[in-house]
>>> print(open('start_28.txt').read())   # compact mmCIF, C-alpha atoms (C1' of nucleotides)
# COMPACT_ATOMS: atom_id res chain seq x y z
CA MET Q 3 4.55 92.76 -51.96
CA GLY Q 4 8.07 93.89 -51.31
CA ALA Q 5 11.09 92.90 -49.36
CA SER Q 6 11.88 89.50 -47.88
CA LYS Q 7 11.38 86.03 -49.31
CA ALA Q 8 13.77 84.54 -46.77
CA ASP Q 9 11.69 81.39 -46.27
CA PHE Q 10 12.49 80.19 -49.78
CA PHE Q 11 16.23 80.16 -49.19
CA THR Q 12 18.41 77.90 -47.09
CA LYS Q 13 19.55 78.84 -43.59
CA GLU Q 14 23.12 79.07 -44.87
CA GLN Q 15 22.09 81.50 -47.60
CA ASN Q 16 20.14 83.65 -45.16
CA ASP Q 17 22.97 83.60 -42.59
CA LEU Q 18 25.59 84.62 -45.14
CA ALA Q 19 23.34 87.38 -46.46
CA SER Q 20 22.84 88.69 -42.91
CA LEU Q 21 26.58 88.70 -42.29
CA PHE Q 22 27.26 90.71 -45.44
CA LYS Q 23 24.33 93.00 -44.72
CA ALA Q 24 25.98 93.86 -41.41
CA MET Q 25 29.00 95.08 -43.37
CA SER Q 26 27.05 96.77 -46.17
CA HIS Q 27 27.13 100.30 -44.72
CA PRO Q 28 30.13 102.65 -44.86
CA ALA Q 29 29.70 103.60 -41.20
CA ARG Q 30 29.97 99.96 -40.21
CA ILE Q 31 33.04 99.50 -42.41
CA ALA Q 32 34.50 102.56 -40.71
CA ILE Q 33 33.81 100.99 -37.31
CA ILE Q 34 35.54 97.77 -38.39
CA GLN Q 35 38.56 99.71 -39.64
CA TYR Q 36 38.71 101.78 -36.47
CA LEU Q 37 38.56 98.74 -34.20
CA LEU Q 38 41.41 97.32 -36.25
CA SER Q 39 43.48 100.49 -35.97
CA VAL Q 40 43.47 100.83 -32.20
CA ASP Q 41 45.92 98.82 -30.16
CA SER Q 42 43.68 97.54 -27.43
CA CYS Q 43 40.01 96.71 -27.50
CA ILE Q 44 39.04 99.35 -24.97
CA CYS Q 45 37.29 101.69 -27.30
CA GLY Q 46 34.83 104.02 -25.69
CA ASP Q 47 35.38 106.74 -28.26
CA ILE Q 48 33.88 105.22 -31.39
CA VAL Q 49 31.21 107.92 -31.39
CA ASN Q 50 33.85 110.64 -31.72
CA GLU Q 51 35.45 108.85 -34.66
CA LEU Q 52 32.33 108.94 -36.82
CA PRO Q 53 30.32 111.77 -38.39
CA LEU Q 54 27.14 110.40 -36.85
CA ALA Q 55 25.10 111.02 -33.74
CA GLN Q 56 25.50 108.77 -30.70
CA PRO Q 57 22.20 106.87 -31.12
CA THR Q 58 23.07 106.13 -34.75
CA VAL Q 59 26.50 104.77 -33.85
CA SER Q 60 24.96 102.71 -31.06
CA GLN Q 61 22.51 101.25 -33.56
CA HIS Q 62 25.30 100.36 -36.02
CA LEU Q 63 27.31 98.72 -33.21
CA LYS Q 64 24.27 96.67 -32.26
CA GLU Q 65 23.89 95.40 -35.83
CA LEU Q 66 27.56 94.44 -36.02
CA LYS Q 67 27.27 92.64 -32.69
CA ASN Q 68 24.08 90.80 -33.64
CA ALA Q 69 25.75 89.58 -36.82
CA GLY Q 70 28.79 88.36 -34.90
CA VAL Q 71 31.17 90.80 -36.58
CA ILE Q 72 32.16 92.40 -33.28
CA GLN Q 73 32.07 91.40 -29.63
CA GLY Q 74 31.14 93.73 -26.82
CA ASN Q 75 32.06 93.37 -23.18
CA ILE Q 76 30.88 95.59 -20.39
CA ASP Q 77 33.80 97.41 -18.76
CA GLY Q 78 32.50 99.55 -15.95
CA THR Q 79 30.65 102.48 -17.44
CA ALA Q 80 32.00 101.87 -20.94
CA ILE Q 81 31.60 99.03 -23.40
CA CYS Q 82 34.68 97.33 -24.75
CA TYR Q 83 34.13 96.40 -28.37
CA CYS Q 84 36.46 94.36 -30.54
CA LEU Q 85 36.34 92.43 -33.80
CA ASN Q 86 35.37 88.77 -33.77
CA LEU Q 87 38.39 86.90 -35.13
CA GLU Q 88 36.42 83.72 -35.77
CA THR Q 89 33.96 85.53 -38.04
CA MET Q 90 36.74 87.25 -39.98
CA GLN Q 91 38.46 83.91 -40.54
CA LYS Q 92 35.18 82.29 -41.57
CA ILE Q 93 34.62 84.91 -44.28
CA GLN Q 94 38.22 84.58 -45.46
CA HIS Q 95 37.79 80.83 -45.72
CA TYR Q 96 34.49 81.13 -47.60
CA PHE Q 97 36.02 83.31 -50.31
CA GLY Q 98 39.13 81.16 -50.37
CA GLU Q 99 36.95 78.17 -51.22
CA ILE Q 100 35.14 80.12 -53.91
CA SER Q 101 38.41 81.34 -55.41
CA SER Q 102 39.98 77.89 -55.58
CA LYS Q 103 36.85 76.37 -57.15
CA LEU Q 104 36.72 79.20 -59.67
CA GLN Q 105 40.34 78.73 -60.75
CA LYS Q 106 39.51 75.25 -62.01
CA LYS Q 107 36.95 76.67 -64.45
CA CYS Q 108 36.79 78.52 -67.71
CA CYS Q 109 36.74 82.11 -66.46
CA MET A 2 16.50 112.68 -42.53
CA GLY A 3 17.20 109.10 -43.36
CA ALA A 4 19.52 106.92 -45.32
CA SER A 5 22.88 107.82 -46.83
CA LYS A 6 25.71 109.87 -45.42
CA ALA A 7 28.14 108.47 -47.97
CA ASP A 8 29.94 111.79 -48.45
CA PHE A 9 31.37 111.62 -44.94
CA PHE A 10 33.14 108.33 -45.55
CA THR A 11 36.16 107.47 -47.66
CA LYS A 12 35.88 106.02 -51.17
CA GLU A 13 37.34 102.76 -49.90
CA GLN A 14 34.72 102.54 -47.17
CA ASN A 15 31.90 103.24 -49.61
CA ASP A 16 33.27 100.77 -52.17
CA LEU A 17 33.62 97.98 -49.63
CA ALA A 18 30.12 98.66 -48.31
CA SER A 19 28.71 98.48 -51.87
CA LEU A 20 30.46 95.19 -52.49
CA PHE A 21 29.02 93.64 -49.32
CA LYS A 22 25.61 95.14 -50.05
CA ALA A 23 25.62 93.28 -53.36
CA MET A 24 25.97 90.05 -51.39
CA SER A 25 23.56 90.97 -48.61
CA HIS A 26 20.48 89.25 -50.03
CA PRO A 27 19.82 85.48 -49.89
CA ALA A 28 18.76 85.42 -53.54
CA ARG A 29 22.10 86.90 -54.55
CA ILE A 30 23.96 84.40 -52.35
CA ALA A 31 21.94 81.66 -54.05
CA ILE A 32 23.00 83.03 -57.46
CA ILE A 33 26.66 83.00 -56.38
CA GLN A 34 26.37 79.44 -55.13
CA TYR A 35 24.61 78.32 -58.29
CA LEU A 36 27.22 79.89 -60.56
CA LEU A 37 29.82 78.05 -58.51
CA SER A 38 28.00 74.72 -58.80
CA VAL A 39 27.69 74.54 -62.58
CA ASP A 40 30.64 73.34 -64.61
CA SER A 41 30.68 75.92 -67.36
CA CYS A 42 29.67 79.55 -67.31
CA ILE A 43 26.86 79.14 -69.81
CA CYS A 44 23.98 79.60 -67.47
CA GLY A 45 20.75 80.64 -69.11
CA ASP A 46 18.65 78.91 -66.49
CA ILE A 47 19.29 80.96 -63.38
CA VAL A 48 15.66 82.05 -63.37
CA ASN A 49 14.49 78.42 -63.05
CA GLU A 50 16.82 77.88 -60.11
CA LEU A 51 15.29 80.57 -57.95
CA PRO A 52 11.84 81.02 -56.35
CA LEU A 53 11.54 84.47 -57.88
CA ALA A 54 10.03 85.98 -61.02
CA GLN A 55 12.22 86.69 -64.05
CA PRO A 56 12.33 90.49 -63.60
CA THR A 57 13.40 90.07 -59.99
CA VAL A 58 16.21 87.69 -60.89
CA SER A 59 17.31 90.02 -63.68
CA GLN A 60 17.47 92.86 -61.17
CA HIS A 61 19.56 90.82 -58.73
CA LEU A 62 21.94 89.82 -61.54
CA LYS A 63 22.32 93.47 -62.49
CA GLU A 64 23.27 94.40 -58.93
CA LEU A 65 25.84 91.62 -58.73
CA LYS A 66 27.28 92.71 -62.07
CA ASN A 67 27.41 96.41 -61.12
CA ALA A 68 29.29 95.51 -57.95
CA GLY A 69 31.80 93.38 -59.87
CA VAL A 70 30.76 90.15 -58.19
CA ILE A 71 29.81 88.52 -61.49
CA GLN A 72 30.65 89.06 -65.13
CA GLY A 73 28.14 88.79 -67.96
CA ASN A 74 28.92 88.14 -71.59
CA ILE A 75 26.40 88.13 -74.40
CA ASP A 76 26.16 84.69 -76.00
CA GLY A 77 23.64 84.83 -78.81
CA THR A 78 20.20 85.12 -77.32
CA ALA A 79 21.38 84.18 -73.84
CA ILE A 80 23.69 85.87 -71.39
CA CYS A 81 26.65 83.96 -70.01
CA TYR A 82 27.22 84.88 -66.39
CA CYS A 83 30.10 83.79 -64.24
CA LEU A 84 31.74 84.82 -60.97
CA ASN A 85 34.53 87.39 -61.00
CA LEU A 86 37.60 85.61 -59.65
CA GLU A 87 39.48 88.84 -59.01
CA THR A 88 36.72 90.16 -56.73
CA MET A 89 36.51 86.90 -54.79
CA GLN A 90 40.28 86.96 -54.23
CA LYS A 91 40.17 90.60 -53.21
CA ILE A 92 37.60 89.87 -50.50
CA GLN A 93 39.58 86.85 -49.31
CA HIS A 94 42.68 89.00 -49.05
CA TYR A 95 40.88 91.77 -47.17
CA PHE A 96 39.68 89.38 -44.47
CA GLY A 97 43.05 87.65 -44.41
CA GLU A 98 44.66 90.98 -43.56
CA ILE A 99 42.08 91.65 -40.86
CA SER A 100 42.56 88.19 -39.36
CA SER A 101 46.33 88.44 -39.18
CA LYS A 102 46.20 91.91 -37.62
CA LEU A 103 43.65 90.68 -35.09
CA GLN A 104 45.76 87.73 -34.01
CA LYS A 105 48.43 90.11 -32.74
CA LYS A 106 45.98 91.68 -30.31
CA CYS A 107 44.26 90.95 -27.06
CA CYS A 108 41.06 89.29 -28.32
C1' DT X 11 21.53 112.09 -2.32
C1' DT X 12 22.40 114.65 -6.93
C1' DA X 13 25.48 115.34 -10.87
C1' DT X 14 28.08 113.46 -14.52
C1' DT X 15 29.34 110.31 -18.13
C1' DA X 16 28.55 106.57 -21.37
C1' DT X 17 25.59 103.75 -23.87
C1' DA X 18 20.91 101.93 -25.24
C1' DT X 19 16.12 102.29 -26.68
C1' DC X 20 11.94 104.58 -28.52
C1' DG X 21 9.49 107.00 -31.99
C1' DT X 22 9.32 108.71 -36.37
C1' DA X 23 10.51 111.05 -40.82
C1' DA X 24 13.34 110.47 -44.95
C1' DT X 25 15.09 107.31 -48.00
C1' DA X 26 16.30 102.73 -50.07
C1' DT X 27 15.30 97.96 -51.27
C1' DT X 28 12.43 94.24 -52.87
C1' DG X 29 9.27 91.91 -55.92
C1' DC X 30 6.56 91.61 -59.82
C1' DA X 31 3.08 92.66 -63.64
C1' DA X 32 3.42 94.87 -67.77
C1' DT X 33 6.14 96.04 -71.35
C1' DA X 34 10.35 96.58 -74.12
C1' DT X 35 14.37 94.86 -76.39
C1' DA X 36 17.11 91.67 -79.04
C1' DA X 37 18.37 87.49 -81.20
C1' DT X 38 17.05 83.45 -83.70
C1' DA X 39 13.53 80.31 -86.03
C1' DA X 40 9.87 79.39 -89.09
C1' DT B 18 7.65 88.93 -92.49
C1' DT B 19 5.72 86.88 -87.92
C1' DA B 20 6.55 83.76 -84.00
C1' DT B 21 9.37 82.33 -80.32
C1' DT B 22 12.71 82.66 -76.70
C1' DA B 23 15.62 85.04 -73.42
C1' DT B 24 16.72 88.95 -70.88
C1' DA B 25 16.10 93.95 -69.50
C1' DT B 26 13.49 98.01 -68.08
C1' DT B 27 9.56 100.60 -66.19
C1' DG B 28 6.35 101.72 -62.63
C1' DC B 29 4.63 101.06 -58.34
C1' DA B 30 3.12 98.97 -53.85
C1' DA B 31 4.99 96.72 -49.74
C1' DT B 32 8.60 96.61 -46.69
C1' DA B 33 13.22 97.65 -44.66
C1' DT B 34 16.99 100.75 -43.47
C1' DT B 35 18.97 104.99 -41.83
C1' DA B 36 19.44 108.89 -38.87
C1' DC B 37 18.52 111.39 -34.91
C1' DG B 38 15.95 113.97 -31.05
C1' DA B 39 14.13 112.67 -26.89
C1' DT B 40 14.40 109.75 -23.29
C1' DA B 41 15.92 105.79 -20.53
C1' DT B 42 19.35 103.08 -18.22
C1' DA B 43 23.46 102.21 -15.60
C1' DA B 44 27.77 103.13 -13.50
C1' DT B 45 30.75 106.23 -11.07
C1' DA B 46 31.88 110.84 -8.83
C1' DA B 47 30.99 114.56 -5.86
>>> encode(input="start_28.txt", output="structure tokens")
Amino acid sequence: MGASKADFFTKEQNDLASLFKAMSHPARIAIIQYLLSVDSCICGDIVNELPLAQPTVSQHLKELKNAGVIQGNIDGTAICYCLNLETMQKIQHYFGEISSKLQKKCC
Amino acid sequence: MGASKADFFTKEQNDLASLFKAMSHPARIAIIQYLLSVDSCICGDIVNELPLAQPTVSQHLKELKNAGVIQGNIDGTAICYCLNLETMQKIQHYFGEISSKLQKKCC
DNA sequence: TTATTATATCGTAATATTGCAATATAATAA
DNA sequence: TTATTATATTGCAATATTACGATATAATAA
């Protein structure tokens, strides 16, 4: 046996888990924070910002993009990555709902 | 080589990644949603709510507790688990900050 | 055309996660 | 005391993730 019983859970549960999994690695958090720190979205130097090899960074960027955390647009020879505002707002809203429901309870 | 280069990232980056990792499995999302759906926090029947064996559920609960997503209090022979409001609010705030910074940018 | 530059993909070794049977622990009941 | 009930821990097989060298792709420059 081992990993993955995804079929027994709802699509919503699997989708949320995938979204959090995309952000469950410090390198990917670092990418998110870096994209937030630069003024524009033209960011061809993410590789130089991280203590990881170029293929590893490329792989992390792909995971963030697949999960909808970032968006990537081709810009000549470089790729222009930026955070996906809609996804960030969706997560904020999800935890806002949880927080307000929780406040009406015992703990 | 393989997994884990945690030493090269900041404590904040590692802590955030751990928090999201705790929520990166559909079974753990299902636990969060179930804890939210019951009125009180006396929940000795989480095992019956999930399509997983008791040791597996116990392991998932431990991970959620270690990450601060849930709190567990001993209640006689049962354990009383409930969501950690402070953690939920912290996540909401983090993505609120990201969203408002993003809105001042190009994309 | 041949560099050069930037990013992606492949292949694979190291490591981590997942799930559960078996077993242990702890509290209460009989 | 011996059940019974509820939860935790151990050990291990199956699977997934991580990291990167090697290589591929694609755009521009010389």
>>> calpha_fit_and_write(input="start_28.txt", fixed="chain A", moving="chain Q", output="PDB file with C-alpha atoms, in the frame of the given file")
ATOM      1  CA  MET Q   3      16.531 112.702 -42.769  1.00  0.00           C
ATOM      2  CA  GLY Q   4      17.189 109.065 -43.422  1.00  0.00           C
ATOM      3  CA  ALA Q   5      19.480 106.867 -45.377  1.00  0.00           C
ATOM      4  CA  SER Q   6      22.850 107.769 -46.861  1.00  0.00           C
ATOM      5  CA  LYS Q   7      25.679 109.842 -45.433  1.00  0.00           C
ATOM      6  CA  ALA Q   8      28.114 108.435 -47.978  1.00  0.00           C
ATOM      7  CA  ASP Q   9      29.915 111.752 -48.478  1.00  0.00           C
ATOM      8  CA  PHE Q  10      31.355 111.609 -44.970  1.00  0.00           C
ATOM      9  CA  PHE Q  11      33.140 108.323 -45.565  1.00  0.00           C
ATOM     10  CA  THR Q  12      36.157 107.463 -47.669  1.00  0.00           C
ATOM     11  CA  LYS Q  13      35.859 106.017 -51.170  1.00  0.00           C
ATOM     12  CA  GLU Q  14      37.336 102.757 -49.894  1.00  0.00           C
ATOM     13  CA  GLN Q  15      34.711 102.522 -47.160  1.00  0.00           C
ATOM     14  CA  ASN Q  16      31.893 103.233 -49.596  1.00  0.00           C
ATOM     15  CA  ASP Q  17      33.265 100.760 -52.169  1.00  0.00           C
ATOM     16  CA  LEU Q  18      33.601  97.967 -49.621  1.00  0.00           C
ATOM     17  CA  ALA Q  19      30.109  98.654 -48.296  1.00  0.00           C
ATOM     18  CA  SER Q  20      28.712  98.481 -51.844  1.00  0.00           C
ATOM     19  CA  LEU Q  21      30.462  95.176 -52.469  1.00  0.00           C
ATOM     20  CA  PHE Q  22      29.012  93.629 -49.318  1.00  0.00           C
ATOM     21  CA  LYS Q  23      25.612  95.138 -50.032  1.00  0.00           C
ATOM     22  CA  ALA Q  24      25.625  93.279 -53.343  1.00  0.00           C
ATOM     23  CA  MET Q  25      25.971  90.039 -51.386  1.00  0.00           C
ATOM     24  CA  SER Q  26      23.566  90.964 -48.582  1.00  0.00           C
ATOM     25  CA  HIS Q  27      20.487  89.234 -50.028  1.00  0.00           C
ATOM     26  CA  PRO Q  28      19.824  85.481 -49.890  1.00  0.00           C
ATOM     27  CA  ALA Q  29      18.778  85.416 -53.548  1.00  0.00           C
ATOM     28  CA  ARG Q  30      22.116  86.890 -54.542  1.00  0.00           C
ATOM     29  CA  ILE Q  31      23.969  84.396 -52.346  1.00  0.00           C
ATOM     30  CA  ALA Q  32      21.953  81.669 -54.045  1.00  0.00           C
ATOM     31  CA  ILE Q  33      23.009  83.018 -57.445  1.00  0.00           C
ATOM     32  CA  ILE Q  34      26.666  83.006 -56.371  1.00  0.00           C
ATOM     33  CA  GLN Q  35      26.376  79.427 -55.122  1.00  0.00           C
ATOM     34  CA  TYR Q  36      24.616  78.323 -58.290  1.00  0.00           C
ATOM     35  CA  LEU Q  37      27.225  79.887 -60.563  1.00  0.00           C
ATOM     36  CA  LEU Q  38      29.821  78.038 -58.518  1.00  0.00           C
ATOM     37  CA  SER Q  39      27.997  74.721 -58.797  1.00  0.00           C
ATOM     38  CA  VAL Q  40      27.687  74.572 -62.567  1.00  0.00           C
ATOM     39  CA  ASP Q  41      30.610  73.356 -64.612  1.00  0.00           C
ATOM     40  CA  SER Q  42      30.682  75.937 -67.340  1.00  0.00           C
ATOM     41  CA  CYS Q  43      29.689  79.566 -67.267  1.00  0.00           C
ATOM     42  CA  ILE Q  44      26.899  79.182 -69.793  1.00  0.00           C
ATOM     43  CA  CYS Q  45      24.014  79.624 -67.459  1.00  0.00           C
ATOM     44  CA  GLY Q  46      20.799  80.700 -69.064  1.00  0.00           C
ATOM     45  CA  ASP Q  47      18.661  78.934 -66.492  1.00  0.00           C
ATOM     46  CA  ILE Q  48      19.301  80.971 -63.362  1.00  0.00           C
ATOM     47  CA  VAL Q  49      15.663  82.057 -63.356  1.00  0.00           C
ATOM     48  CA  ASN Q  50      14.504  78.448 -63.026  1.00  0.00           C
ATOM     49  CA  GLU Q  51      16.841  77.876 -60.090  1.00  0.00           C
ATOM     50  CA  LEU Q  52      15.297  80.586 -57.926  1.00  0.00           C
ATOM     51  CA  PRO Q  53      11.856  81.028 -56.351  1.00  0.00           C
ATOM     52  CA  LEU Q  54      11.567  84.479 -57.889  1.00  0.00           C
ATOM     53  CA  ALA Q  55      10.056  85.990 -60.996  1.00  0.00           C
ATOM     54  CA  GLN Q  56      12.226  86.697 -64.038  1.00  0.00           C
ATOM     55  CA  PRO Q  57      12.351  90.502 -63.616  1.00  0.00           C
ATOM     56  CA  THR Q  58      13.419  90.080 -59.988  1.00  0.00           C
ATOM     57  CA  VAL Q  59      16.231  87.694 -60.893  1.00  0.00           C
ATOM     58  CA  SER Q  60      17.320  90.023 -63.683  1.00  0.00           C
ATOM     59  CA  GLN Q  61      17.460  92.871 -61.182  1.00  0.00           C
ATOM     60  CA  HIS Q  62      19.561  90.826 -58.726  1.00  0.00           C
ATOM     61  CA  LEU Q  63      21.950  89.825 -61.540  1.00  0.00           C
ATOM     62  CA  LYS Q  64      22.328  93.472 -62.488  1.00  0.00           C
ATOM     63  CA  GLU Q  65      23.275  94.403 -58.919  1.00  0.00           C
ATOM     64  CA  LEU Q  66      25.848  91.615 -58.734  1.00  0.00           C
ATOM     65  CA  LYS Q  67      27.296  92.720 -62.066  1.00  0.00           C
ATOM     66  CA  ASN Q  68      27.421  96.400 -61.114  1.00  0.00           C
ATOM     67  CA  ALA Q  69      29.287  95.498 -57.937  1.00  0.00           C
ATOM     68  CA  GLY Q  70      31.791  93.390 -59.862  1.00  0.00           C
ATOM     69  CA  VAL Q  71      30.759  90.141 -58.182  1.00  0.00           C
ATOM     70  CA  ILE Q  72      29.808  88.517 -61.482  1.00  0.00           C
ATOM     71  CA  GLN Q  73      30.643  89.069 -65.133  1.00  0.00           C
ATOM     72  CA  GLY Q  74      28.146  88.795 -67.939  1.00  0.00           C
ATOM     73  CA  ASN Q  75      28.891  88.155 -71.581  1.00  0.00           C
ATOM     74  CA  ILE Q  76      26.373  88.154 -74.367  1.00  0.00           C
ATOM     75  CA  ASP Q  77      26.138  84.722 -75.999  1.00  0.00           C
ATOM     76  CA  GLY Q  78      23.634  84.864 -78.805  1.00  0.00           C
ATOM     77  CA  THR Q  79      20.181  85.118 -77.310  1.00  0.00           C
ATOM     78  CA  ALA Q  80      21.359  84.211 -73.813  1.00  0.00           C
ATOM     79  CA  ILE Q  81      23.680  85.899 -71.355  1.00  0.00           C
ATOM     80  CA  CYS Q  82      26.631  83.979 -70.010  1.00  0.00           C
ATOM     81  CA  TYR Q  83      27.198  84.900 -66.390  1.00  0.00           C
ATOM     82  CA  CYS Q  84      30.097  83.802 -64.225  1.00  0.00           C
ATOM     83  CA  LEU Q  85      31.749  84.814 -60.967  1.00  0.00           C
ATOM     84  CA  ASN Q  86      34.522  87.391 -60.999  1.00  0.00           C
ATOM     85  CA  LEU Q  87      37.595  85.605 -59.644  1.00  0.00           C
ATOM     86  CA  GLU Q  88      39.475  88.838 -59.005  1.00  0.00           C
ATOM     87  CA  THR Q  89      36.724  90.157 -56.730  1.00  0.00           C
ATOM     88  CA  MET Q  90      36.517  86.893 -54.792  1.00  0.00           C
ATOM     89  CA  GLN Q  91      40.274  86.946 -54.237  1.00  0.00           C
ATOM     90  CA  LYS Q  92      40.162  90.602 -53.205  1.00  0.00           C
ATOM     91  CA  ILE Q  93      37.591  89.862 -50.492  1.00  0.00           C
ATOM     92  CA  GLN Q  94      39.577  86.840 -49.316  1.00  0.00           C
ATOM     93  CA  HIS Q  95      42.684  88.983 -49.059  1.00  0.00           C
ATOM     94  CA  TYR Q  96      40.870  91.753 -47.175  1.00  0.00           C
ATOM     95  CA  PHE Q  97      39.669  89.376 -44.465  1.00  0.00           C
ATOM     96  CA  GLY Q  98      43.030  87.642 -44.411  1.00  0.00           C
ATOM     97  CA  GLU Q  99      44.644  90.972 -43.561  1.00  0.00           C
ATOM     98  CA  ILE Q 100      42.076  91.651 -40.867  1.00  0.00           C
ATOM     99  CA  SER Q 101      42.539  88.190 -39.370  1.00  0.00           C
ATOM    100  CA  SER Q 102      46.322  88.427 -39.205  1.00  0.00           C
ATOM    101  CA  LYS Q 103      46.194  91.903 -37.633  1.00  0.00           C
ATOM    102  CA  LEU Q 104      43.639  90.686 -35.110  1.00  0.00           C
ATOM    103  CA  GLN Q 105      45.758  87.711 -34.034  1.00  0.00           C
ATOM    104  CA  LYS Q 106      48.440  90.080 -32.777  1.00  0.00           C
ATOM    105  CA  LYS Q 107      45.986  91.670 -30.332  1.00  0.00           C
ATOM    106  CA  CYS Q 108      44.283  90.939 -27.070  1.00  0.00           C
ATOM    107  CA  CYS Q 109      41.090  89.295 -28.317  1.00  0.00           C
TER     108      CYS Q 109
END
>>> atom_distance(input="start_28.txt", atom1="atom CA of A:Tyr35", atom2="atom CA of Q:Lys92")
20.2 Å
>>> closest_residue(input="start_28.txt", among="Q:Thr58, Q:Ser26, Q:Gln91, Q:Thr12", to="chain B", atoms="only C-alpha atoms (C1' of nucleotides)")
Q:Thr58
>>> atom_distance(input="start_28.txt", atom1="atom CA of A:Ile30", atom2="atom CA of A:Val58")
12.0 Å
>>> residues_near_point(input="start_28.txt", point="(16.0, 108.1, -34.2)", cutoff="10 Å", atoms="all atoms listed in the file", output="count of residues only")
16
>>> atom_distance(input="start_28.txt", atom1="atom CA of Q:Lys13", atom2="atom CA of A:Ala31")
11.1 Å
>>> closest_residue(input="start_28.txt", among="A:Lys66, A:His61, A:Lys22, A:Lys106", to="X:DG29", atoms="only C-alpha atoms (C1' of nucleotides)")
A:His61
>>> residues_around(input="start_28.txt", residues="A:Gly97", least_positions_apart="3", cutoff="12 Å", atoms="all atoms listed in the file", output="count of residues only")
22
>>> residues_near_point(input="start_28.txt", point="(16.5, 89.2, -62.6)", cutoff="12 Å", atoms="only C-alpha atoms (C1' of nucleotides)", output="PyMOL selection string")
(chain A and resi 28-29+32+45-66+80) or (chain X and resi 28-30) or (chain B and resi 23-26)
>>> residues_around(input="start_28.txt", residues="X:DA13", least_positions_apart="4", cutoff="12 Å", atoms="all atoms listed in the file", output="ChimeraX atom specification")
/B:45-47
>>> closest_residue(input="start_28.txt", among="X:DA40, X:DT14, X:DT25, X:DA31", to="chain A", atoms="all atoms listed in the file")
X:DT25
>>> axis_aligned_box(input="start_28.txt", around="stretch 97-105 of chain Q", padding_each_side="3 Å", output="JSON")
{"center_x": 37.7, "center_y": 79.8, "center_z": -55.5, "size_x": 11.2, "size_y": 12.9, "size_z": 16.4}
>>> closest_residue(input="start_28.txt", among="B:DT32, B:DA41, B:DT27, B:DT18", to="chain A", atoms="all atoms listed in the file")
B:DT27
>>> closest_atom_pairs(input="start_28.txt", of="chain X", to="chain Q", cutoff="8 Å", atoms="only C-alpha atoms (C1' of nucleotides)", output="Markdown table")
| residue | atom | partner | partner_atom | distance |
| --- | --- | --- | --- | --- |
| X:DT15 | C1' | Q:Thr79 | CA | 8.0 |
| X:DA16 | C1' | Q:Ala80 | CA | 5.8 |
| X:DT17 | C1' | Q:Ser60 | CA | 7.3 |
| X:DA18 | C1' | Q:Ser60 | CA | 7.1 |
| X:DT27 | C1' | Q:Ala5 | CA | 6.9 |
| X:DT28 | C1' | Q:Ala5 | CA | 4.0 |
| X:DG29 | C1' | Q:Gly4 | CA | 5.2 |
>>> closest_residue(input="start_28.txt", among="A:Ala68, A:Tyr82, A:Asp8, A:Ser19", to="chain Q", atoms="all atoms listed in the file")
A:Ser19
>>> closest_residue(input="start_28.txt", among="A:Val39, A:Ile99, A:Gln72, A:Cys81", to="chain B", atoms="only C-alpha atoms (C1' of nucleotides)")
A:Cys81
